[in-house]
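The data block below is query-v4.cif; it holds mmCIF, C-alpha atoms.
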```cif
data_input
loop_
_atom_site.label_atom_id
_atom_site.label_comp_id
_atom_site.auth_asym_id
_atom_site.auth_seq_id
_atom_site.Cartn_x
_atom_site.Cartn_y
_atom_site.Cartn_z
CA MET X 64 0.00 0.00 0.00
CA PRO X 65 1.26 3.54 -0.68
CA GLY X 66 2.05 5.94 2.13
CA PRO X 67 -0.09 8.93 3.08
CA ILE X 68 -1.51 10.57 -0.01
CA ASP X 69 -3.11 13.90 -0.81
CA GLN X 70 -6.75 13.06 -1.35
CA ASN X 71 -7.60 16.45 -2.82
CA PRO X 72 -5.76 15.52 -6.01
CA THR X 73 -3.97 17.98 -8.23
CA ALA X 74 -2.39 17.44 -11.60
CA PRO X 75 0.98 15.69 -11.49
CA LEU X 76 3.96 17.60 -12.79
CA PRO X 77 4.57 16.75 -16.44
CA PRO X 78 8.10 15.63 -17.40
CA SER X 79 8.73 19.11 -18.79
CA SER X 80 8.13 20.58 -15.33
CA ARG X 81 10.14 18.15 -13.19
CA SER X 82 13.54 19.61 -14.00
CA GLY X 83 15.08 22.14 -11.66
CA ALA X 84 16.40 24.09 -14.65
CA PRO X 85 14.11 26.91 -15.82
CA GLY X 86 12.90 27.06 -19.38
CA ALA X 87 13.80 29.85 -21.74
CA GLY X 88 12.38 33.16 -20.57
CA VAL X 89 11.59 31.90 -17.07
CA VAL X 90 13.10 33.86 -14.19
CA PRO X 91 14.25 31.21 -11.69
CA ASP X 92 14.49 33.40 -8.57
CA PHE X 93 12.43 36.06 -6.89
CA ALA X 94 13.95 39.50 -6.61
CA PRO X 95 15.18 40.20 -3.07
CA PRO X 96 12.77 42.25 -0.95
CA VAL X 97 13.50 45.94 -0.55
CA ALA X 98 15.82 46.50 2.40
CA GLY X 99 13.93 47.54 5.51
CA ARG X 100 10.50 46.80 4.09
CA PRO X 101 8.29 45.21 6.78
CA ARG X 102 6.72 41.86 6.09
CA ARG X 103 3.06 41.99 5.10
CA ARG X 104 0.70 40.63 7.73
CA TYR X 105 -1.73 37.93 6.54
CA ALA X 106 -4.82 36.36 8.12
CA VAL X 107 -6.39 33.13 6.84
CA VAL X 108 -10.20 32.93 6.59
CA GLY X 109 -11.22 29.28 6.25
CA THR X 110 -8.74 26.70 7.57
CA GLY X 111 -9.75 23.69 5.51
CA HIS X 112 -7.55 21.64 3.19
CA ARG X 113 -7.15 24.37 0.57
CA ALA X 114 -5.60 26.78 3.09
CA GLY X 115 -2.56 24.51 3.27
CA MET X 116 -0.86 25.87 0.15
CA TYR X 117 -1.01 29.43 1.49
CA VAL X 118 0.19 28.43 4.94
CA SER X 119 3.12 26.55 3.42
CA ALA X 120 4.03 29.46 1.16
CA LEU X 121 4.04 32.00 3.99
CA THR X 122 6.03 29.80 6.34
CA ASP X 123 8.57 28.67 3.74
CA ALA X 124 9.30 30.19 0.30
CA HIS X 125 7.77 33.60 1.04
CA ALA X 126 8.42 33.90 4.78
CA ASP X 127 10.83 36.75 4.05
CA VAL X 128 8.03 39.01 2.76
CA GLY X 129 4.93 37.83 4.64
CA GLU X 130 3.75 36.26 7.88
CA ILE X 131 0.50 34.76 9.17
CA VAL X 132 -0.80 36.68 12.16
CA ALA X 133 -4.38 35.39 12.71
CA TRP X 134 -6.91 32.68 11.89
CA LEU X 135 -10.65 32.83 11.26
CA ASP X 136 -12.82 29.70 11.21
CA PRO X 137 -15.87 28.47 13.13
CA ASN X 138 -14.09 25.16 13.81
CA PRO X 139 -11.35 25.38 16.50
CA ALA X 140 -9.87 21.96 15.66
CA ARG X 141 -8.99 23.03 12.13
CA ILE X 142 -7.34 26.18 13.47
CA ASP X 143 -5.41 24.02 15.94
CA TRP X 144 -4.04 21.91 13.08
CA TYR X 145 -2.57 24.86 11.20
CA ASP X 146 -1.48 26.74 14.31
CA GLU X 147 0.59 23.75 15.39
CA GLU X 148 2.03 23.50 11.87
CA VAL X 149 3.07 27.16 11.87
CA ARG X 150 4.61 27.00 15.32
CA GLY X 151 6.41 23.81 14.35
CA ARG X 152 8.02 25.54 11.39
CA ARG X 153 9.06 28.34 13.72
CA GLY X 154 10.88 25.86 15.93
CA GLY X 155 7.99 24.92 18.15
CA GLY X 156 7.98 28.09 20.22
CA GLY X 157 5.73 31.07 20.61
CA GLU X 158 2.14 31.60 21.64
CA PRO X 159 -0.82 30.41 19.54
CA LEU X 160 -1.91 32.96 16.97
CA PRO X 161 -5.10 34.93 17.62
CA ARG X 162 -8.22 33.19 16.40
CA PHE X 163 -11.63 34.52 15.48
CA GLY X 164 -15.07 33.30 14.41
CA PRO X 165 -16.79 34.57 11.24
CA GLU X 166 -18.54 37.35 13.16
CA GLY X 167 -15.15 38.73 14.25
CA LEU X 168 -13.58 39.46 10.85
CA GLU X 169 -13.52 43.24 11.28
CA ARG X 170 -12.14 42.93 14.80
CA MET X 171 -9.44 40.55 13.54
CA VAL X 172 -8.27 43.03 10.89
CA ARG X 173 -8.18 45.82 13.44
CA GLU X 174 -6.67 44.06 16.45
CA SER X 175 -4.09 41.95 14.55
CA GLY X 176 -3.02 44.73 12.17
CA VAL X 177 -3.88 42.61 9.12
CA ASP X 178 -2.67 43.85 5.73
CA VAL X 179 -4.08 41.00 3.61
CA VAL X 180 -6.90 38.54 4.23
CA ILE X 181 -6.62 35.16 2.46
CA VAL X 182 -10.11 33.74 1.82
CA THR X 183 -10.22 29.94 1.45
CA SER X 184 -13.66 29.39 2.95
CA PRO X 185 -16.46 27.58 1.01
CA ASP X 186 -17.36 29.29 -2.27
CA HIS X 187 -20.76 30.61 -1.21
CA SER X 188 -19.13 32.66 1.57
CA HIS X 189 -16.52 34.38 -0.62
CA ALA X 190 -18.51 37.48 -1.52
CA GLU X 191 -19.36 38.29 2.10
CA MET X 192 -15.88 37.59 3.45
CA VAL X 193 -14.16 39.55 0.68
CA GLU X 194 -16.45 42.56 0.99
CA ARG X 195 -16.16 42.70 4.78
CA ALA X 196 -12.36 42.40 4.64
CA LEU X 197 -12.10 45.22 2.10
CA ARG X 198 -14.36 47.51 4.09
CA ALA X 199 -12.41 46.67 7.25
CA GLY X 200 -9.26 48.04 5.62
CA ALA X 201 -7.41 44.97 4.28
CA ASP X 202 -6.52 43.75 0.80
CA VAL X 203 -7.71 40.26 -0.19
CA VAL X 204 -6.38 37.14 -1.86
CA VAL X 205 -9.31 34.83 -2.64
CA GLU X 206 -9.45 31.28 -3.93
CA LYS X 207 -11.30 30.69 -7.16
CA PRO X 208 -14.12 31.02 -7.86
CA LEU X 209 -14.57 34.66 -6.90
CA THR X 210 -18.08 33.73 -5.75
CA THR X 211 -21.02 31.58 -6.88
CA ASP X 212 -23.37 34.03 -8.60
CA ALA X 213 -23.54 37.34 -10.45
CA GLU X 214 -24.80 39.28 -7.44
CA GLY X 215 -21.78 38.12 -5.44
CA CYS X 216 -19.48 39.38 -8.20
CA ARG X 217 -21.24 42.74 -8.18
CA ARG X 218 -20.89 42.88 -4.40
CA VAL X 219 -17.12 42.38 -4.61
CA THR X 220 -16.50 44.78 -7.48
CA ARG X 221 -18.61 47.44 -5.79
CA ALA X 222 -16.56 47.10 -2.60
CA VAL X 223 -13.31 47.35 -4.56
CA SER X 224 -14.53 50.51 -6.26
CA GLU X 225 -15.70 52.12 -3.04
CA THR X 226 -12.66 51.22 -0.89
CA GLY X 227 -9.87 51.41 -3.47
CA ARG X 228 -8.38 48.21 -2.06
CA SER X 229 -7.04 45.19 -3.95
CA VAL X 230 -8.53 41.75 -4.63
CA VAL X 231 -6.32 39.08 -6.19
CA MET X 232 -7.73 35.81 -7.56
CA THR X 233 -4.98 33.99 -9.40
CA PHE X 234 -5.78 31.29 -11.96
CA ASN X 235 -2.64 29.22 -11.41
CA TYR X 236 -3.39 26.79 -14.23
CA ARG X 237 -2.18 29.37 -16.74
CA TYR X 238 1.35 28.68 -15.52
CA ALA X 239 1.44 25.01 -16.56
CA PRO X 240 4.01 24.95 -19.41
CA ARG X 241 1.65 23.07 -21.72
CA ASN X 242 -1.05 25.73 -21.31
CA SER X 243 1.27 28.72 -21.65
CA THR X 244 2.83 27.12 -24.74
CA LEU X 245 -0.57 26.78 -26.40
CA ARG X 246 -1.13 30.48 -25.77
CA GLU X 247 2.20 31.23 -27.45
CA VAL X 248 1.15 29.20 -30.48
CA VAL X 249 -2.19 31.00 -30.80
CA ALA X 250 -0.69 34.45 -30.21
CA SER X 251 2.06 33.85 -32.78
CA GLY X 252 -0.46 33.53 -35.62
CA GLU X 253 0.92 30.09 -36.51
CA ILE X 254 -2.58 28.73 -37.08
CA GLY X 255 -4.06 32.00 -38.31
CA GLU X 256 -7.18 33.62 -36.92
CA VAL X 257 -8.98 31.31 -34.50
CA THR X 258 -12.42 30.21 -35.65
CA SER X 259 -13.36 27.66 -32.99
CA VAL X 260 -12.16 25.76 -29.90
CA HIS X 261 -13.22 22.37 -28.60
CA PHE X 262 -12.35 21.67 -24.96
CA GLU X 263 -13.13 18.33 -23.27
CA TRP X 264 -12.29 17.74 -19.60
CA VAL X 265 -12.53 14.29 -17.97
CA LEU X 266 -12.48 13.75 -14.20
CA ASP X 267 -12.04 10.12 -13.19
CA THR X 268 -14.09 8.14 -10.69
CA VAL X 269 -11.79 9.12 -7.81
CA HIS X 270 -11.15 12.83 -8.33
CA GLY X 271 -14.58 13.36 -9.86
CA ALA X 272 -16.36 11.51 -7.07
CA ASP X 273 -14.65 13.71 -4.49
CA TYR X 274 -16.81 16.70 -5.42
CA PHE X 275 -19.87 14.60 -4.62
CA ARG X 276 -18.63 13.63 -1.13
CA ARG X 277 -18.09 17.10 0.34
CA TRP X 278 -19.83 20.47 0.61
CA HIS X 279 -19.44 21.03 -3.13
CA ARG X 280 -22.25 18.49 -3.73
CA GLU X 281 -24.85 21.17 -2.86
CA LYS X 282 -25.21 23.85 -5.53
CA SER X 283 -26.05 26.47 -2.92
CA ASN X 284 -22.52 25.98 -1.55
CA SER X 285 -20.42 25.70 -4.72
CA GLY X 286 -22.51 26.89 -7.65
CA GLY X 287 -21.86 23.49 -9.27
CA LEU X 288 -18.80 22.25 -11.15
CA LEU X 289 -19.24 24.75 -13.99
CA VAL X 290 -18.43 27.42 -11.40
CA HIS X 291 -16.12 25.62 -8.97
CA LYS X 292 -14.07 23.52 -11.42
CA SER X 293 -14.67 24.83 -14.93
CA SER X 294 -13.79 28.40 -13.98
CA HIS X 295 -10.18 27.29 -14.54
CA HIS X 296 -11.02 26.09 -18.03
CA PHE X 297 -13.05 29.11 -19.11
CA ASP X 298 -10.22 31.34 -17.92
CA LEU X 299 -7.78 29.35 -20.06
CA VAL X 300 -9.89 29.75 -23.20
CA ASN X 301 -10.40 33.49 -22.59
CA TRP X 302 -6.64 33.79 -22.08
CA TRP X 303 -5.67 31.67 -25.09
CA LEU X 304 -7.97 33.73 -27.35
CA ASP X 305 -7.40 37.08 -25.59
CA ASP X 306 -11.15 37.51 -25.92
CA VAL X 307 -14.39 37.49 -23.92
CA PRO X 308 -17.68 35.60 -24.36
CA THR X 309 -20.80 37.35 -25.58
CA ARG X 310 -23.32 34.51 -25.49
CA VAL X 311 -23.43 31.19 -23.61
CA PHE X 312 -25.74 28.18 -23.91
CA ALA X 313 -25.36 25.51 -21.21
CA SER X 314 -26.87 22.16 -20.31
CA GLY X 315 -26.14 19.76 -17.48
CA ALA X 316 -27.55 16.86 -15.51
CA LEU X 317 -26.80 14.46 -12.67
CA ARG X 318 -26.54 11.16 -14.55
CA PHE X 319 -24.03 9.04 -12.61
CA TYR X 320 -23.78 10.01 -8.91
CA GLY X 321 -26.69 10.45 -6.50
CA ASP X 322 -29.19 8.01 -5.03
CA ASP X 323 -31.55 7.90 -8.02
CA ASN X 324 -28.78 6.84 -10.38
CA ALA X 325 -27.41 4.28 -7.92
CA ARG X 326 -30.87 2.79 -7.53
CA ALA X 327 -31.43 2.68 -11.30
CA ARG X 328 -28.20 0.74 -11.76
CA GLY X 329 -29.04 -1.69 -8.95
CA MET X 330 -26.06 -0.77 -6.79
CA GLY X 331 -27.78 -1.88 -3.58
CA ALA X 332 -27.13 -0.59 -0.08
CA ARG X 333 -24.32 1.93 0.27
CA PRO X 334 -22.25 2.96 3.31
CA GLU X 335 -23.25 6.36 4.72
CA ARG X 336 -19.63 7.48 4.81
CA GLY X 337 -16.33 6.30 3.40
CA THR X 338 -14.42 6.04 6.65
CA GLU X 339 -16.78 3.18 7.52
CA ALA X 340 -16.16 1.45 4.16
CA PRO X 341 -12.41 1.57 3.44
CA SER X 342 -12.55 -1.14 0.75
CA ASP X 343 -15.08 0.64 -1.47
CA PRO X 344 -13.44 2.29 -4.52
CA PHE X 345 -15.96 5.18 -4.48
CA SER X 346 -15.36 5.94 -0.82
CA LEU X 347 -12.84 8.09 1.02
CA ASP X 348 -11.27 6.82 4.25
CA LEU X 349 -10.21 9.93 6.17
CA ARG X 350 -7.91 7.80 8.33
CA SER X 351 -5.62 7.14 5.36
CA ASP X 352 -4.39 10.76 5.23
CA PRO X 353 -3.12 12.43 8.45
CA ARG X 354 -4.02 15.89 7.18
CA LEU X 355 -7.60 14.97 6.33
CA GLU X 356 -7.94 13.05 9.56
CA GLY X 357 -6.78 16.08 11.54
CA LEU X 358 -8.71 18.72 9.62
CA TYR X 359 -11.98 16.82 9.31
CA LEU X 360 -12.42 13.52 11.14
CA ARG X 361 -11.13 14.88 14.45
CA ALA X 362 -12.93 18.18 13.89
CA GLU X 363 -16.44 16.79 13.31
CA GLN X 364 -17.45 17.19 16.94
CA HIS X 365 -17.38 20.97 16.59
CA ASP X 366 -19.58 21.56 13.55
CA GLY X 367 -20.85 18.18 12.34
CA TYR X 368 -19.28 18.54 8.89
CA ARG X 369 -18.37 15.18 7.34
CA ARG X 370 -15.86 15.19 4.50
CA ASP X 371 -16.34 11.56 3.45
CA LEU X 372 -20.01 11.22 2.51
CA ASP X 373 -21.14 8.63 -0.02
CA PRO X 374 -21.29 10.11 -3.56
CA PHE X 375 -24.44 8.05 -4.18
CA ALA X 376 -26.36 9.45 -1.22
CA PRO X 377 -29.48 11.65 -1.40
CA GLY X 378 -29.15 15.41 -1.37
CA ILE X 379 -26.77 15.98 -4.30
CA THR X 380 -27.89 18.98 -6.35
CA ILE X 381 -24.92 19.57 -8.69
CA GLU X 382 -24.44 18.03 -12.15
CA ASP X 383 -21.86 15.44 -13.21
CA ASN X 384 -22.28 15.87 -17.01
CA MET X 385 -22.15 19.38 -18.49
CA ALA X 386 -21.86 20.94 -21.95
CA LEU X 387 -21.57 24.50 -23.26
CA LEU X 388 -21.67 26.39 -26.54
CA VAL X 389 -20.06 29.84 -26.30
CA ASP X 390 -19.81 32.69 -28.82
CA TYR X 391 -16.86 35.08 -28.46
CA ARG X 392 -16.74 38.76 -29.28
CA GLY X 393 -14.01 38.24 -31.88
CA GLY X 394 -16.06 35.65 -33.78
CA ALA X 395 -14.67 32.35 -32.45
CA MET X 396 -16.91 29.77 -30.82
CA LEU X 397 -16.22 27.29 -28.02
CA THR X 398 -17.71 23.84 -27.46
CA TYR X 399 -16.96 22.56 -23.96
CA SER X 400 -17.81 19.45 -21.97
CA LEU X 401 -17.03 18.19 -18.47
CA ASN X 402 -17.59 14.63 -17.31
CA ALA X 403 -17.00 13.71 -13.66
CA HIS X 404 -17.01 9.90 -13.85
CA GLY X 405 -14.45 8.91 -16.49
CA PRO X 406 -12.14 5.88 -16.28
CA TRP X 407 -9.16 8.21 -16.92
CA GLU X 408 -8.34 11.83 -16.12
CA GLY X 409 -7.13 14.61 -18.36
CA TYR X 410 -8.23 16.93 -21.14
CA ARG X 411 -8.19 17.56 -24.87
CA VAL X 412 -8.18 20.96 -26.55
CA SER X 413 -8.45 21.61 -30.28
CA VAL X 414 -7.98 25.13 -31.62
CA ASN X 415 -9.03 25.61 -35.25
CA GLY X 416 -7.64 28.55 -37.21
CA THR X 417 -7.70 29.96 -40.72
CA ALA X 418 -4.15 28.65 -41.30
CA GLY X 419 -4.21 25.36 -39.39
CA ARG X 420 -4.98 23.65 -36.11
CA ALA X 421 -3.39 23.11 -32.68
CA GLU X 422 -4.24 20.05 -30.59
CA LEU X 423 -3.29 19.62 -26.93
CA GLU X 424 -3.89 16.28 -25.24
CA VAL X 425 -3.06 15.76 -21.57
CA VAL X 426 -3.40 12.46 -19.69
CA GLU X 427 -2.98 13.07 -15.97
CA ARG X 428 -3.96 9.50 -15.09
CA GLY X 429 -4.51 6.77 -17.66
CA HIS X 430 -6.61 4.63 -15.35
CA VAL X 431 -7.62 4.43 -11.70
CA ARG X 432 -5.44 1.98 -9.81
CA VAL X 433 -7.29 -0.07 -7.21
CA GLU X 434 -5.25 -1.81 -4.52
CA GLY X 435 -5.87 -5.37 -3.38
CA GLU X 436 -8.39 -4.34 -0.72
CA GLY X 437 -10.37 -2.15 -3.13
CA ASP X 438 -8.83 1.18 -2.13
CA ALA X 439 -8.18 3.60 -4.97
CA VAL X 440 -4.98 5.63 -5.11
CA LEU X 441 -6.57 9.05 -5.21
CA ASP X 442 -3.81 11.42 -6.24
CA PRO X 443 -2.52 10.92 -9.80
CA SER X 444 0.86 12.22 -8.65
CA ALA X 445 1.13 9.92 -5.61
CA THR X 446 2.90 7.20 -7.61
CA PRO X 447 4.35 9.06 -10.62
CA ASP X 448 7.15 6.57 -11.22
CA VAL X 449 5.06 3.40 -11.24
CA PRO X 450 5.05 2.10 -14.84
CA THR X 451 1.54 1.46 -16.10
CA GLY X 452 2.52 -0.41 -19.25
CA ASP X 453 -0.26 1.47 -21.00
CA VAL X 454 0.74 2.20 -24.58
CA LEU X 455 -2.72 3.40 -25.63
CA ARG X 456 -3.16 6.01 -22.89
CA PRO X 457 0.23 6.79 -21.34
CA GLU X 458 0.46 9.63 -18.82
CA GLY X 459 1.90 12.80 -20.30
CA GLU X 460 1.06 15.58 -22.71
CA ARG X 461 1.36 16.22 -26.43
CA LEU X 462 0.90 19.47 -28.35
CA VAL X 463 0.60 19.09 -32.12
CA VAL X 464 0.52 22.11 -34.45
CA GLN X 465 -0.32 21.49 -38.09
CA ARG X 466 -0.67 24.13 -40.76
CA HIS X 467 -2.83 23.65 -43.84
CA TRP X 468 -1.09 21.51 -46.51
CA GLY X 469 1.70 20.70 -44.02
CA ARG X 470 2.74 17.64 -42.08
#
```
Is it possible to give me this structure as structure tokens?
Amino acid sequence: MPGPIDQNPTAPLPPSSRSGAPGAGVVPDFAPPVAGRPRRRYAVVGTGHRAGMYVSALTDAHADVGEIVAWLDPNPARIDWYDEEVRGRRGGGGEPLPRFGPEGLERMVRESGVDVVIVTSPDHSHAEMVERALRAGADVVVEKPLTTDAEGCRRVTRAVSETGRSVVMTFNYRYAPRNSTLREVVASGEIGEVTSVHFEWVLDTVHGADYFRRWHREKSNSGGLLVHKSSHHFDLVNWWLDDVPTRVFASGALRFYGDDNARARGMGARPERGTEAPSDPFSLDLRSDPRLEGLYLRAEQHDGYRRDLDPFAPGITIEDNMALLVDYRGGAMLTYSLNAHGPWEGYRVSVNGTAGRAELEVVERGHVRVEGEGDAVLDPSATPDVPTGDVLRPEGERLVVQRHWGR
């Protein structure tokens, strides 16, 4: 069995990204901070799994320019987890950082002298947390998506306009070399003027199922996968084309997960939660990952939130199959689809132009490995060096550019 694995999977590094040597045009080091400049003071709002990347950054690579000075979360056990991590990286000393509940955001900014609030709380709370932080006098870094509906977006932009403060929401997937290279191809004019794009994204039955186990499964919390997940993909297309949509048609349905679909396929009785069914390939055992065990299983007593629900349980209101047709201002059109129950994980993009075509195919995981006891290895990058022997769908990426009448 593999060791502890990250069960909120992210894309594995492609071979082109595993080298320590920077590519052409990439600056390998950050400029040194200005002498005498004080470190910026950060507070973290929402201490779930996603907060980890920000905590690590501010206690490691960027500790010379920033520091965490306060926490905000309704669950004290999750704050405890990160507070111990921060103090451990500081050598184990020092007092616990100040902690606040959601009602105390303004007091936190004031009393802890917060310069920047990092918002990693559930999506539906983003608009409120961002607006309150701005009006309290702090800048904001917020996880995508900005919020879950148009009114939330208006709320944030209005607060930015009225306070003059900054909101940063970074779409980090632009920085994958394969994606930035496709932008270079399009921008160069190699395939001429773009007429259409086809973008297909496949989530496998481990990563895809994960959205149907946790709070994302309710559309009132996440806005659905077209908001929570596909926002990355729509940003990529807008960026590749340097254009904006003018008209969108969308359709989606819950056709695989959920109790109705399980019943229709005769799946029989299901465990209420994955930690009680460690041998089920659709389930998540929180005990298999120390971070998830600490942040969720040991924190349940405080708020009742369970991270490992059955993806075939009642109450799921988001879709698992989605399709879009989008018209762009410059004349190009986009066809897009997302499937959350594929046997493999990755994506295909085809960009058609007046002088040719560019095709990007990425396989992040060629198939879902199931161990002897039925447990799936959740993170595609957990075992990157294990040969799959798969010649038809090997992990990796390929970008093909072909001009008209050319090879």
query = Residues around (13.4, 36.6, -1.5), cut-off 10 Å, counting all atoms listed in the file - what are they as number ranges by chain?
reply = X: 92-97, 124-128
Selected residues written out, C-alpha atoms, as a JSON list (two decimals), in the frame of the given file:
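Listed below is the output, selection.json:
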```
[["chain", "number", "residue", "atom", "x", "y", "z"],
["X", 92, "ASP", "CA", 14.49, 33.40, -8.57],
["X", 93, "PHE", "CA", 12.43, 36.06, -6.89],
["X", 94, "ALA", "CA", 13.95, 39.50, -6.61],
["X", 95, "PRO", "CA", 15.18, 40.20, -3.07],
["X", 96, "PRO", "CA", 12.77, 42.25, -0.95],
["X", 97, "VAL", "CA", 13.50, 45.94, -0.55],
["X", 124, "ALA", "CA", 9.30, 30.19, 0.30],
["X", 125, "HIS", "CA", 7.77, 33.60, 1.04],
["X", 126, "ALA", "CA", 8.42, 33.90, 4.78],
["X", 127, "ASP", "CA", 10.83, 36.75, 4.05],
["X", 128, "VAL", "CA", 8.03, 39.01, 2.76]]
```
task = Mind checking which residues fall within 9 Å of X:Phe262, counting all atoms listed in the file, ignoring those fewer than 4 positions away in the same chain, and posting them as a count of residues only?
result = 12
query = atom CA of X:Val193 and atom CA of X:Val231 are how many Å apart?
reply = 10.4 Å
message = Would you compute the distance between atom CA of X:Asn235 and atom CA of X:Ala316? Give it in Å to one decimal.
response = 28.1 Å
request  = May I ask for the distance between atom CA of X:Arg104 and atom CA of X:Val204, given in Å to one decimal place?
outcome  =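 Between atom CA of X:Arg104 and atom CA of X:Val204 the gap works out to 12.4 Å.
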inquiry  = Once the PyMOL selection byres ((chain X and resi 140) around 8) is applied to the coordinates I shared, what remains selected? I want it as a PyMOL selection string.
reply    = chain X and resi 138-139+141-144+357-358+361-362+365
Which residues of stretch 323-442 of chain X have any atom within 12 Å of an atom in stretch 256-260 of chain X when counting only C-alpha atoms, and what is the closest pair of atoms for each, with the distance in Å to one decimal? Order the rows by chain and rising number and write it as a Markdown table.
```
| residue | atom | partner | partner_atom | distance |
| --- | --- | --- | --- | --- |
| X:Leu387 | CA | X:Val260 | CA | 11.6 |
| X:Leu388 | CA | X:Val260 | CA | 10.1 |
| X:Val389 | CA | X:Val260 | CA | 9.6 |
| X:Asp390 | CA | X:Ser259 | CA | 9.2 |
| X:Tyr391 | CA | X:Ser259 | CA | 9.4 |
| X:Arg392 | CA | X:Thr258 | CA | 11.5 |
| X:Gly393 | CA | X:Val257 | CA | 9.0 |
| X:Gly394 | CA | X:Thr258 | CA | 6.8 |
| X:Ala395 | CA | X:Thr258 | CA | 4.5 |
| X:Met396 | CA | X:Ser259 | CA | 4.7 |
| X:Leu397 | CA | X:Val260 | CA | 4.7 |
| X:Thr398 | CA | X:Val260 | CA | 6.4 |
| X:Tyr399 | CA | X:Val260 | CA | 8.3 |
| X:Ser400 | CA | X:Val260 | CA | 11.6 |
| X:Arg411 | CA | X:Val260 | CA | 10.4 |
| X:Val412 | CA | X:Val260 | CA | 7.1 |
| X:Ser413 | CA | X:Val260 | CA | 5.6 |
| X:Val414 | CA | X:Val260 | CA | 4.6 |
| X:Asn415 | CA | X:Ser259 | CA | 5.3 |
| X:Gly416 | CA | X:Val257 | CA | 4.1 |
| X:Thr417 | CA | X:Glu256 | CA | 5.3 |
| X:Ala418 | CA | X:Glu256 | CA | 7.3 |
| X:Gly419 | CA | X:Val257 | CA | 9.1 |
| X:Arg420 | CA | X:Val257 | CA | 8.8 |
| X:Ala421 | CA | X:Val260 | CA | 9.6 |
| X:Glu422 | CA | X:Val260 | CA | 9.8 |
| X:Leu423 | CA | X:Val260 | CA | 11.2 |
```
query = For the file shown, what are the residues hit by the PyMOL selection byres ((chain X and resi 347) around 10), laid out as a ChimeraX atom specification?
reply = /X:70,269,272-273,276,336-346,348-352,370-374,438-439,441
query = Expanded to explicit residues, what is the PyMOL selection byres ((chain X and resi 319) around 12) for this file, as a PyMOL selection string?
reply = chain X and resi 268+271-272+275+315-318+320-328+330+374-376+379+381-384+402-405
query = Of the residues X:Tyr117, X:Tyr274, X:Trp264, X:Tyr105, which is the one nearest to X:Gly286, using all atoms listed in the file?
reply =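 The closest residue to X:Gly286 is X:Tyr274.
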